[in-house]
Amino acid sequence: MKIIKLIVILTFLLSVAACNTNAKLGSKHNPIKMYFVPSMEAGKIITSGREIADHLEEVTGYSFKVAVPTSYASVIEAMGTKETDIAWLATFAYVLAHEKFGAEVELTVVRQGMEKYRGQFVAKVGSGIDSIEDIEGKVIAYTDAASTSGYIYPSALLKQKGIKPARTFFAGGHPQAILAVYQGRADVGCTFWTPSNDNEIRDARRAVIETYPDVVEKIKIIGFTDWIPNDTVAFRKNFPKEMKEEIVDELLKFAKTKKGKRILYEILDIDDLVRAKDSDYDIVRETLKLTGSDAADMLE
């Protein structure tokens with residue numbers, strides 16, 4: 001009898017899964033899946049991401065599911081399996097998702113009125129590490145292998161300059177890279193930089209300042225990468241065009257509202273959203289080629 005009950009349960013679960021798969025996209029049984037990369041503390045991203053989804057549900061009538069996978073790579077792979085439909089992707093993560101799965105950028109984020117940003121190198125105050133040249137023979141905490149400002153650009157710059165660290169590791173995100181330096185597990189950290197506003201720190205140190213209020217006094221910036229196009233809102237290949245246009249239009253309107261500005265700032269320090277196209281990110285591909293790499297090299 002137990003075996004029969006188990007078969008019945010499994011059959012029921014499989015039938016539910018099949019129904020969900022066949023259900024109309026945007027319905028409660030097949031919600032539009034919107035993923036965010038774990039660039040900041042996951043709990044905060046989920047909270048703000050859910051607020052964005054709630055707004056989209058209200059104005060479009062579609063159902064949305066929000067998630068923050070454990071790595072940039074997980075989000076990229078999800079773009080190729082329809083596990084996610086929309087992804088708020090870091091710059092290089094988008095380039096990879098486009099090359100591998102045909103992901104399509106629709107929006108670029110704006111911060112401080114700029115559609116580009118830089119990576120920063122940070123070290124402890126009093127460490128004797130005062131410039132990029134001082135990184136020779138030191139331990140570096142990068143963020144993630146698919147992070148443009150936290151790995152791709154800074155590692156390419158060191159390669160161009162012939163600077164060889166003693167050891168490198170991936171901390172798992174921008175806050176984690178800052179903390180690796182703060183806590184002495186790394187000599188140098190590589191994270192994103194955004195200019196301060198009215199004496200408010202807006203680079204990656206901001207993510208840990210509530211827990212470690214002295215982080216700005218203890219962690220200093222020692223150098224920058226070249227400029228990088230800002231991160232993206234991208235859609236999976238073959239996402240329905242009319243639905244896409246509706247969602248993009250509503251996100252653009254949302255970014256102009258008082259509520260939208262608050263939520264976007266809380267989630268990823270975003271001030272606004274603007275339309276984008278894939279060619280806007282050719283500069284990233286060109287930069288990689290200058291260092292002897294390209295996006296395809298990262299897909300193996």
# chains A, B, ... in the order shown; residues from 1 in each chain; ligands from 1
>>> select_by_dssp(residues="region 15-234 of chain A", states="strand (DSSP E or B)", output="PyMOL selection string")
chain A and resi 27+30+32-36+64-67+86-89+104-111+114+116-124+139-142+167-170+188-193+197+200+219-229+232-234
>>> residues_around(residues="region 249-266 of chain A", least_positions_apart="5", cutoff="10 Å", atoms="only C-alpha atoms", output="ChimeraX atom specification")
/A:44-45,47-52,55-56,59-60,107,109,111,233,243-244,271-275
>>> select_by_dssp(residues="region 40-284 of chain A", states="helix (DSSP H, G or I)", output="ChimeraX atom specification")
/A:42-60,72-78,91-101,132-135,148-161,174-182,204-208,215-218,241-254,258-268,278-284
>>> closest_residue(among="A:Ala146, A:Lys161, A:Ile222, A:Glu57", to="Val95 (chain A)", atoms="only C-alpha atoms")
A:Ala146
>>> residues_around(residues="region 283-290 of chain A", least_positions_apart="2", cutoff="12 Å", atoms="only C-alpha atoms", output="PyMOL selection string")
chain A and resi 90-96+98-99+116+147-149+151-157+159-160+225-231+278-281+292-298
>>> closest_residue(among="A:Glu246, A:Gly189, A:Glu210, A:Ser127", to="Gly61 (chain A)", atoms="only C-alpha atoms")
A:Glu246
>>> residues_around(residues="Lys124 (chain A)", least_positions_apart="2", cutoff="9 Å", atoms="only C-alpha atoms", output="list in words")
Val122, Gly126, Ser127, Gly128, Ile129, Val181, Tyr182, Gly184, Asp187, Val188, Glu217, Lys218, Ile219, Lys220 and Ile221 of chain A
